[in-house]
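Below is final-v5.cif, holding mmCIF, C-alpha atoms.
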data_final
#
loop_
_atom_site.group_PDB
_atom_site.id
_atom_site.type_symbol
_atom_site.label_atom_id
_atom_site.label_comp_id
_atom_site.auth_asym_id
_atom_site.auth_seq_id
_atom_site.Cartn_x
_atom_site.Cartn_y
_atom_site.Cartn_z
ATOM 1 C CA MET A 1 83.861 125.447 76.822
ATOM 2 C CA ALA A 2 83.937 122.379 74.632
ATOM 3 C CA ALA A 3 85.644 119.151 75.726
ATOM 4 C CA ALA A 4 88.552 119.612 73.296
ATOM 5 C CA GLU A 5 89.183 123.156 74.481
ATOM 6 C CA LEU A 6 89.190 122.155 78.151
ATOM 7 C CA GLU A 7 91.420 119.158 77.404
ATOM 8 C CA ASN A 8 93.908 121.444 75.638
ATOM 9 C CA ARG A 9 93.921 123.914 78.526
ATOM 10 C CA ILE A 10 94.532 121.109 81.037
ATOM 11 C CA ARG A 11 97.318 119.550 78.952
ATOM 12 C CA GLN A 12 99.000 122.900 78.312
ATOM 13 C CA THR A 13 99.035 123.989 81.964
ATOM 14 C CA ILE A 14 99.527 120.675 83.821
ATOM 15 C CA PRO A 15 102.676 118.909 82.560
ATOM 16 C CA LEU A 16 101.609 115.612 84.112
ATOM 17 C CA ALA A 17 98.297 115.682 82.202
ATOM 18 C CA GLU A 18 100.303 115.975 78.978
ATOM 19 C CA ALA A 19 102.659 113.171 80.092
ATOM 20 C CA MET A 20 99.649 110.936 80.832
ATOM 21 C CA GLN A 21 97.984 111.875 77.485
ATOM 22 C CA PHE A 22 94.790 112.891 79.285
ATOM 23 C CA HIS A 23 91.837 112.898 76.861
ATOM 24 C CA ILE A 24 88.237 114.013 77.428
ATOM 25 C CA ALA A 25 86.087 111.646 75.357
ATOM 26 C CA SER A 26 82.724 113.253 76.197
ATOM 27 C CA MET A 27 81.448 115.917 78.572
ATOM 28 C CA THR A 28 78.167 117.516 79.669
ATOM 29 C CA THR A 29 77.511 119.308 82.963
ATOM 30 C CA GLU A 30 76.125 116.017 84.302
ATOM 31 C CA ALA A 31 78.660 113.449 83.090
ATOM 32 C CA ILE A 32 82.176 113.090 81.758
ATOM 33 C CA GLU A 33 84.218 110.291 80.246
ATOM 34 C CA VAL A 34 87.995 110.484 80.082
ATOM 35 C CA SER A 35 90.696 108.154 78.828
ATOM 36 C CA ALA A 36 94.475 107.841 78.839
ATOM 37 C CA PRO A 37 96.520 105.196 77.014
ATOM 38 C CA LEU A 38 98.289 102.545 79.090
ATOM 39 C CA PRO A 39 101.924 102.863 77.837
ATOM 40 C CA PRO A 40 102.775 106.238 79.451
ATOM 41 C CA ASN A 41 100.910 105.186 82.588
ATOM 42 C CA VAL A 42 102.410 101.799 83.455
ATOM 43 C CA ASN A 43 104.012 100.713 86.715
ATOM 44 C CA ILE A 44 106.878 98.317 87.345
ATOM 45 C CA HIS A 45 104.539 95.369 86.655
ATOM 46 C CA GLY A 46 103.436 96.725 83.242
ATOM 47 C CA THR A 47 99.886 97.472 84.491
ATOM 48 C CA GLY A 48 98.369 100.856 85.397
ATOM 49 C CA PHE A 49 100.517 102.869 87.819
ATOM 50 C CA ALA A 50 98.573 103.722 91.012
ATOM 51 C CA GLY A 51 99.639 107.368 90.690
ATOM 52 C CA SER A 52 98.437 107.606 87.079
ATOM 53 C CA ILE A 53 95.122 105.963 87.937
ATOM 54 C CA TYR A 54 94.607 108.439 90.768
ATOM 55 C CA SER A 55 95.755 111.433 88.705
ATOM 56 C CA VAL A 56 93.577 110.693 85.673
ATOM 57 C CA ALA A 57 90.613 110.028 87.977
ATOM 58 C CA VAL A 58 91.088 113.180 90.053
ATOM 59 C CA LEU A 59 91.428 115.265 86.863
ATOM 60 C CA THR A 60 88.234 113.668 85.513
ATOM 61 C CA GLY A 61 86.284 115.105 88.434
ATOM 62 C CA TRP A 62 88.165 118.388 88.269
ATOM 63 C CA ALA A 63 87.327 118.783 84.572
ATOM 64 C CA LEU A 64 83.633 118.099 85.185
ATOM 65 C CA CYS A 65 83.487 120.640 88.038
ATOM 66 C CA THR A 66 85.318 123.208 85.894
ATOM 67 C CA HIS A 67 82.754 122.699 83.143
ATOM 68 C CA ILE A 68 79.862 123.044 85.613
ATOM 69 C CA LEU A 69 81.337 126.334 86.881
ATOM 70 C CA GLU A 70 81.937 127.687 83.390
ATOM 71 C CA VAL A 71 78.477 126.843 82.094
ATOM 72 C CA ALA A 72 77.026 128.572 85.179
ATOM 73 C CA GLY A 73 79.224 131.620 84.551
ATOM 74 C CA ALA A 74 80.833 131.277 87.990
ATOM 75 C CA ASP A 75 84.346 132.712 88.343
ATOM 76 C CA ALA A 76 86.055 130.519 90.949
ATOM 77 C CA ASP A 77 89.253 128.679 91.732
ATOM 78 C CA LEU A 78 88.701 124.948 91.992
ATOM 79 C CA VAL A 79 90.882 122.676 94.131
ATOM 80 C CA VAL A 80 90.741 119.122 95.484
ATOM 81 C CA ALA A 81 90.306 119.108 99.249
ATOM 82 C CA ARG A 82 90.596 115.365 99.922
ATOM 83 C CA ALA A 83 90.302 112.082 98.099
ATOM 84 C CA GLU A 84 90.230 108.371 98.801
ATOM 85 C CA ILE A 85 90.978 105.667 96.264
ATOM 86 C CA ARG A 86 90.478 101.918 96.421
ATOM 87 C CA TYR A 87 92.303 99.719 93.943
ATOM 88 C CA ARG A 88 90.333 96.535 93.214
ATOM 89 C CA ALA A 89 92.081 94.980 90.214
ATOM 90 C CA PRO A 90 95.070 95.709 87.974
ATOM 91 C CA VAL A 91 94.413 98.006 84.995
ATOM 92 C CA THR A 92 95.623 96.148 81.913
ATOM 93 C CA SER A 93 94.413 98.423 79.101
ATOM 94 C CA ALA A 94 93.707 102.129 78.581
ATOM 95 C CA LEU A 95 92.643 104.023 81.701
ATOM 96 C CA GLU A 96 88.942 104.847 81.275
ATOM 97 C CA CYS A 97 87.336 107.117 83.877
ATOM 98 C CA LYS A 98 83.811 108.352 84.264
ATOM 99 C CA THR A 99 81.775 110.234 86.817
ATOM 100 C CA LEU A 100 78.365 111.820 87.270
ATOM 101 C CA ALA A 101 77.269 115.014 89.025
ATOM 102 C CA PRO A 102 73.525 114.737 89.742
ATOM 103 C CA ALA A 103 71.433 117.912 89.446
ATOM 104 C CA ALA A 104 70.925 118.218 93.231
ATOM 105 C CA ALA A 105 74.685 118.089 93.886
ATOM 106 C CA ARG A 106 75.364 120.692 91.181
ATOM 107 C CA GLU A 107 72.703 123.013 92.592
ATOM 108 C CA THR A 108 74.115 122.800 96.131
ATOM 109 C CA PHE A 109 77.660 123.322 94.798
ATOM 110 C CA LEU A 110 76.741 126.414 92.768
ATOM 111 C CA GLY A 111 74.273 127.752 95.337
ATOM 112 C CA ASP A 112 76.770 127.596 98.203
ATOM 113 C CA LEU A 113 79.447 129.183 96.010
ATOM 114 C CA ALA A 114 77.096 132.058 95.123
ATOM 115 C CA SER A 115 75.829 132.631 98.670
ATOM 116 C CA SER A 116 78.996 132.087 100.716
ATOM 117 C CA GLY A 117 81.855 132.278 98.219
ATOM 118 C CA LYS A 118 82.649 128.581 98.713
ATOM 119 C CA GLY A 119 81.036 125.470 97.283
ATOM 120 C CA LEU A 120 81.849 121.794 97.842
ATOM 121 C CA ILE A 121 80.983 118.776 95.707
ATOM 122 C CA GLU A 122 81.891 115.136 96.214
ATOM 123 C CA LEU A 123 82.239 112.929 93.163
ATOM 124 C CA GLU A 124 82.776 109.207 92.735
ATOM 125 C CA VAL A 125 84.987 108.443 89.751
ATOM 126 C CA ARG A 126 85.028 104.900 88.393
ATOM 127 C CA VAL A 127 88.065 103.561 86.567
ATOM 128 C CA GLY A 128 87.382 100.749 84.112
ATOM 129 C CA GLU A 129 84.249 98.678 83.723
ATOM 130 C CA ARG A 130 84.629 96.318 86.691
ATOM 131 C CA PRO A 131 85.534 98.993 88.070
ATOM 132 C CA SER A 132 89.253 98.429 88.655
ATOM 133 C CA ALA A 133 89.436 101.416 90.993
ATOM 134 C CA ILE A 134 87.037 103.846 92.642
ATOM 135 C CA LEU A 135 87.996 107.383 93.617
ATOM 136 C CA SER A 136 85.890 109.464 95.986
ATOM 137 C CA ALA A 137 87.042 113.089 95.876
ATOM 138 C CA THR A 138 85.829 116.353 97.387
ATOM 139 C CA TYR A 139 86.318 119.438 95.221
ATOM 140 C CA CYS A 140 86.155 122.969 96.611
ATOM 141 C CA ALA A 141 85.326 126.041 94.527
ATOM 142 C CA ILE A 142 86.318 129.395 96.004
ATOM 143 C CA ALA A 143 85.001 132.566 94.418
ATOM 144 C CA SER A 144 87.746 134.539 92.685
ATOM 145 C CA LYS A 145 88.818 137.609 94.619
ATOM 146 C CA GLU A 146 87.964 139.878 91.693
ATOM 147 C CA ASP A 147 84.296 139.018 92.299
ATOM 148 C CA ASN A 148 84.273 139.982 95.962
ATOM 149 C CA MET B 1 119.672 98.115 97.038
ATOM 150 C CA ALA B 2 120.976 101.650 97.421
ATOM 151 C CA ALA B 3 118.720 104.686 97.091
ATOM 152 C CA ALA B 4 120.192 105.683 93.719
ATOM 153 C CA GLU B 5 119.724 102.200 92.299
ATOM 154 C CA LEU B 6 116.079 102.005 93.427
ATOM 155 C CA GLU B 7 115.421 105.521 92.121
ATOM 156 C CA ASN B 8 116.829 104.534 88.721
ATOM 157 C CA ARG B 9 114.733 101.372 88.613
ATOM 158 C CA ILE B 10 111.570 103.327 89.449
ATOM 159 C CA ARG B 11 112.290 106.055 86.886
ATOM 160 C CA GLN B 12 113.161 103.550 84.159
ATOM 161 C CA THR B 13 110.031 101.426 84.613
ATOM 162 C CA ILE B 14 107.393 104.020 85.590
ATOM 163 C CA PRO B 15 107.198 106.776 82.937
ATOM 164 C CA LEU B 16 105.306 109.087 85.290
ATOM 165 C CA ALA B 17 108.095 108.842 87.896
ATOM 166 C CA GLU B 18 110.539 110.040 85.236
ATOM 167 C CA ALA B 19 108.152 112.827 84.169
ATOM 168 C CA MET B 20 107.859 113.964 87.801
ATOM 169 C CA GLN B 21 111.673 113.743 88.322
ATOM 170 C CA PHE B 22 111.197 111.512 91.361
ATOM 171 C CA HIS B 23 114.327 111.556 93.534
ATOM 172 C CA ILE B 24 115.158 109.514 96.650
ATOM 173 C CA ALA B 25 117.167 111.837 98.903
ATOM 174 C CA SER B 26 117.775 109.318 101.704
ATOM 175 C CA MET B 27 116.580 105.818 102.602
ATOM 176 C CA THR B 28 116.927 103.242 105.383
ATOM 177 C CA THR B 29 114.494 100.429 106.189
ATOM 178 C CA GLU B 30 112.904 102.746 108.764
ATOM 179 C CA ALA B 31 112.678 106.066 106.953
ATOM 180 C CA ILE B 32 112.769 107.625 103.517
ATOM 181 C CA GLU B 33 112.897 111.156 102.150
ATOM 182 C CA VAL B 34 111.955 111.917 98.563
ATOM 183 C CA SER B 35 111.766 115.070 96.495
ATOM 184 C CA ALA B 36 110.551 116.232 93.103
ATOM 185 C CA PRO B 37 111.010 119.709 91.619
ATOM 186 C CA LEU B 38 107.943 121.936 91.239
ATOM 187 C CA PRO B 39 108.079 122.877 87.497
ATOM 188 C CA PRO B 40 107.131 119.447 86.044
ATOM 189 C CA ASN B 41 104.530 119.028 88.798
ATOM 190 C CA VAL B 42 102.485 122.236 88.649
ATOM 191 C CA ASN B 43 98.735 122.600 88.208
ATOM 192 C CA ILE B 44 96.729 125.282 86.433
ATOM 193 C CA HIS B 45 97.383 127.678 89.357
ATOM 194 C CA GLY B 46 101.193 127.214 89.205
ATOM 195 C CA THR B 47 101.283 125.316 92.523
ATOM 196 C CA GLY B 48 101.697 121.564 93.094
ATOM 197 C CA PHE B 49 99.261 119.465 91.038
ATOM 198 C CA ALA B 50 97.098 117.255 93.280
ATOM 199 C CA GLY B 51 97.923 114.232 91.114
ATOM 200 C CA SER B 52 101.670 114.831 91.344
ATOM 201 C CA ILE B 53 101.500 115.324 95.113
ATOM 202 C CA TYR B 54 99.613 112.051 95.453
ATOM 203 C CA SER B 55 101.864 110.186 93.013
ATOM 204 C CA VAL B 56 105.152 111.283 94.577
ATOM 205 C CA ALA B 57 103.767 110.510 98.044
ATOM 206 C CA VAL B 58 102.435 107.073 97.098
ATOM 207 C CA LEU B 59 105.763 106.221 95.427
ATOM 208 C CA THR B 60 107.598 107.352 98.567
ATOM 209 C CA GLY B 61 105.833 104.681 100.600
ATOM 210 C CA TRP B 62 106.174 102.139 97.805
ATOM 211 C CA ALA B 63 109.931 102.706 97.628
ATOM 212 C CA LEU B 64 110.325 102.293 101.392
ATOM 213 C CA CYS B 65 108.319 99.046 101.395
ATOM 214 C CA THR B 66 110.329 97.756 98.427
ATOM 215 C CA HIS B 67 113.533 98.479 100.331
ATOM 216 C CA ILE B 68 112.199 96.721 103.453
ATOM 217 C CA LEU B 69 111.344 93.633 101.362
ATOM 218 C CA GLU B 70 114.708 93.605 99.614
ATOM 219 C CA VAL B 71 116.753 93.976 102.779
ATOM 220 C CA ALA B 72 114.733 91.094 104.278
ATOM 221 C CA GLY B 73 115.364 88.980 101.170
ATOM 222 C CA ALA B 74 111.621 88.624 100.548
ATOM 223 C CA ASP B 75 110.558 88.012 96.947
ATOM 224 C CA ALA B 76 107.137 89.615 96.632
ATOM 225 C CA ASP B 77 105.022 91.835 94.411
ATOM 226 C CA LEU B 78 104.084 95.066 96.129
ATOM 227 C CA VAL B 79 100.927 97.007 95.293
ATOM 228 C CA VAL B 80 98.893 99.842 96.808
ATOM 229 C CA ALA B 81 95.532 98.603 98.059
ATOM 230 C CA ARG B 82 93.961 101.908 99.076
ATOM 231 C CA ALA B 83 94.982 105.434 99.966
ATOM 232 C CA GLU B 84 93.491 108.631 101.326
ATOM 233 C CA ILE B 85 94.985 112.076 100.897
ATOM 234 C CA ARG B 86 94.111 115.363 102.539
ATOM 235 C CA TYR B 87 95.350 118.587 100.980
ATOM 236 C CA ARG B 88 95.869 121.293 103.593
ATOM 237 C CA ALA B 89 97.768 124.063 101.795
ATOM 238 C CA PRO B 90 99.113 124.771 98.303
ATOM 239 C CA VAL B 91 102.588 123.403 97.552
ATOM 240 C CA THR B 92 104.641 126.347 96.297
ATOM 241 C CA SER B 93 108.142 124.838 96.102
ATOM 242 C CA ALA B 94 109.699 121.401 95.498
ATOM 243 C CA LEU B 95 107.567 118.455 96.607
ATOM 244 C CA GLU B 96 109.268 116.974 99.684
ATOM 245 C CA CYS B 97 107.863 113.697 101.052
ATOM 246 C CA LYS B 98 108.857 111.613 104.029
ATOM 247 C CA THR B 99 107.545 108.628 105.899
ATOM 248 C CA LEU B 100 108.511 106.217 108.660
ATOM 249 C CA ALA B 101 107.954 102.475 109.089
ATOM 250 C CA PRO B 102 108.353 101.628 112.792
ATOM 251 C CA ALA B 103 109.997 98.312 113.692
ATOM 252 C CA ALA B 104 106.723 96.752 114.904
ATOM 253 C CA ALA B 105 104.951 97.533 111.618
ATOM 254 C CA ARG B 106 107.858 96.144 109.589
ATOM 255 C CA GLU B 107 107.885 92.932 111.642
ATOM 256 C CA THR B 108 104.136 92.365 111.184
ATOM 257 C CA PHE B 109 104.432 93.129 107.463
ATOM 258 C CA LEU B 110 107.311 90.679 106.903
ATOM 259 C CA GLY B 111 105.983 88.082 109.360
ATOM 260 C CA ASP B 112 102.545 87.918 107.733
ATOM 261 C CA LEU B 113 104.135 87.766 104.286
ATOM 262 C CA ALA B 114 106.323 84.838 105.364
ATOM 263 C CA SER B 115 103.553 82.921 107.161
ATOM 264 C CA SER B 116 100.589 83.536 104.862
ATOM 265 C CA GLY B 117 102.077 84.783 101.599
ATOM 266 C CA LYS B 118 100.512 88.241 102.105
ATOM 267 C CA GLY B 119 101.621 91.178 104.237
ATOM 268 C CA LEU B 120 100.003 94.596 104.736
ATOM 269 C CA ILE B 121 101.544 97.812 105.987
ATOM 270 C CA GLU B 122 99.947 101.242 106.384
ATOM 271 C CA LEU B 123 102.156 104.311 106.054
ATOM 272 C CA GLU B 124 101.522 107.999 106.604
ATOM 273 C CA VAL B 125 103.450 110.128 104.129
ATOM 274 C CA ARG B 126 103.871 113.821 104.865
ATOM 275 C CA VAL B 127 104.334 116.322 102.071
ATOM 276 C CA GLY B 128 106.147 119.512 103.019
ATOM 277 C CA GLU B 129 106.986 120.823 106.452
ATOM 278 C CA ARG B 130 103.592 122.174 107.508
ATOM 279 C CA PRO B 131 102.654 119.493 106.155
ATOM 280 C CA SER B 132 100.856 120.695 103.014
ATOM 281 C CA ALA B 133 99.328 117.270 102.444
ATOM 282 C CA ILE B 134 99.088 113.957 104.293
ATOM 283 C CA LEU B 135 98.720 110.616 102.550
ATOM 284 C CA SER B 136 97.644 107.475 104.377
ATOM 285 C CA ALA B 137 98.251 104.432 102.181
ATOM 286 C CA THR B 138 97.969 100.675 102.633
ATOM 287 C CA TYR B 139 100.538 98.601 100.755
ATOM 288 C CA CYS B 140 100.123 94.889 100.129
ATOM 289 C CA ALA B 141 103.007 92.494 99.479
ATOM 290 C CA ILE B 142 102.116 89.187 97.868
ATOM 291 C CA ALA B 143 104.720 86.421 97.759
ATOM 292 C CA SER B 144 105.936 85.770 94.220
ATOM 293 C CA LYS B 145 104.541 82.583 92.728
ATOM 294 C CA GLU B 146 108.008 81.220 92.140
ATOM 295 C CA ASP B 147 108.361 80.970 95.925
ATOM 296 C CA ASN B 148 105.220 78.925 96.482
#
Full structure transcribed into structure tokens:
Amino acid sequence: MAAAELENRIRQTIPLAEAMQFHIASMTTEAIEVSAPLPPNVNIHGTGFAGSIYSVAVLTGWALCTHILEVAGADADLVVARAEIRYRAPVTSALECKTLAPAAARETFLGDLASSGKGLIELEVRVGERPSAILSATYCAIASKEDN
Amino acid sequence: MAAAELENRIRQTIPLAEAMQFHIASMTTEAIEVSAPLPPNVNIHGTGFAGSIYSVAVLTGWALCTHILEVAGADADLVVARAEIRYRAPVTSALECKTLAPAAARETFLGDLASSGKGLIELEVRVGERPSAILSATYCAIASKEDN
């Protein structure tokens, strides 16, 4: 699935993604870059709202994992199990998120899903260049029941 | 500031709070209960979107801290420094969040803000009755420059 197609699916099924104007700028199975404009994502101070920063970041990782699963032909439901975010500086322009899934992590994720019906992957998503925030999130893929 | 007034201020200045239909059901300086309907906050599976759950929960704590500061007459900017969330079960109805700020935590928060210009408070926000998710967030109040 191409980046534009996945972005459309996310925006059409998750109202908050549409409200945030979630945009996938580039995507491979190893790396993804996402952006969202500042105006719909401001807080009371006029800088990036903590909830928007978290939500765009957590969707960045979710989109990458979804792409990894689809390229591998794996039919699974993907959820976030836990996440931690540290805010280091105010976000004063568009929210820019990026993350990487190294080959070893992808292989463990897909291998565990295939062998046990459940695969975990932890991603670190960076927001902004400094970075302004860092999200560490654990995603869990569970094989669809139709496959069992 | 009454609950309705704070809710209006949050929804008018944070577009995502309006998109999520953030609602303060009850509020004292010790406890707050917040809700948001499910339809604007669903994910691709039709259950609560992880980003909405986080955002409503983090705003729940932010609203309580804002109320604590206002009742104390403290003029400060309030931000989230870090947060961790654990998702334990899908959210299948309205997002209901609640949290408590015990007297000792409020006193340390306000006392440190008054003495050093910076006060921290950590809150645990529960989402749903089971609960379906638990957020642990650290809020930081920094005295407004006009006061210094």
Next on the checklist: Could you tell me, as a PyMOL selection string, exactly which residues end up selected when the PyMOL selection byres ((chain B) within 6 of (chain A)) is applied to this structure?
Outcome noted: chain B and resi 13-15+40+42-44+51+55+81-87
Item to check | Neighbour list for stretch 69-74 of chain B as a PyMOL selection string, cut-off 12 Å, all atoms listed in the file, skip fewer than 5 positions in-chain | outcome: chain B and resi 1-2+6+27-30+62-64+106-107+109-115+117-121+139-144+146-147
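The nearest approach to A:Val125 among the residues A:Ala4, A:Leu38, A:Ile24, A:Glu96, with only C-alpha atoms taken into account, belongs to A:Glu96.
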Next on the checklist: Given the PyMOL selection byres ((chain A and resi 94) around 8) and the file above, list the residues it selects as a count of residues only.
Outcome noted: 9
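Here atom CA of A:Arg130 stands at a distance of 16.0 Å from atom CA of A:Val34.
Take atom CA of B:Val127 and atom CA of A:Glu124: the distance between them is 24.5 Å.
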Checklist entry - How many Å lie between atom CA of A:Ile32 and atom CA of A:Asp75, rounded to one decimal? => result 20.8 Å
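Taken over the whole file, the PyMOL selection byres ((chain A and resi 99) around 8) covers exactly Ala31, Ile32, Glu33, Thr60, Gly61, Cys97, Lys98, Leu100, Ala101, Leu123, Glu124, Val125 and Arg126 of chain A.
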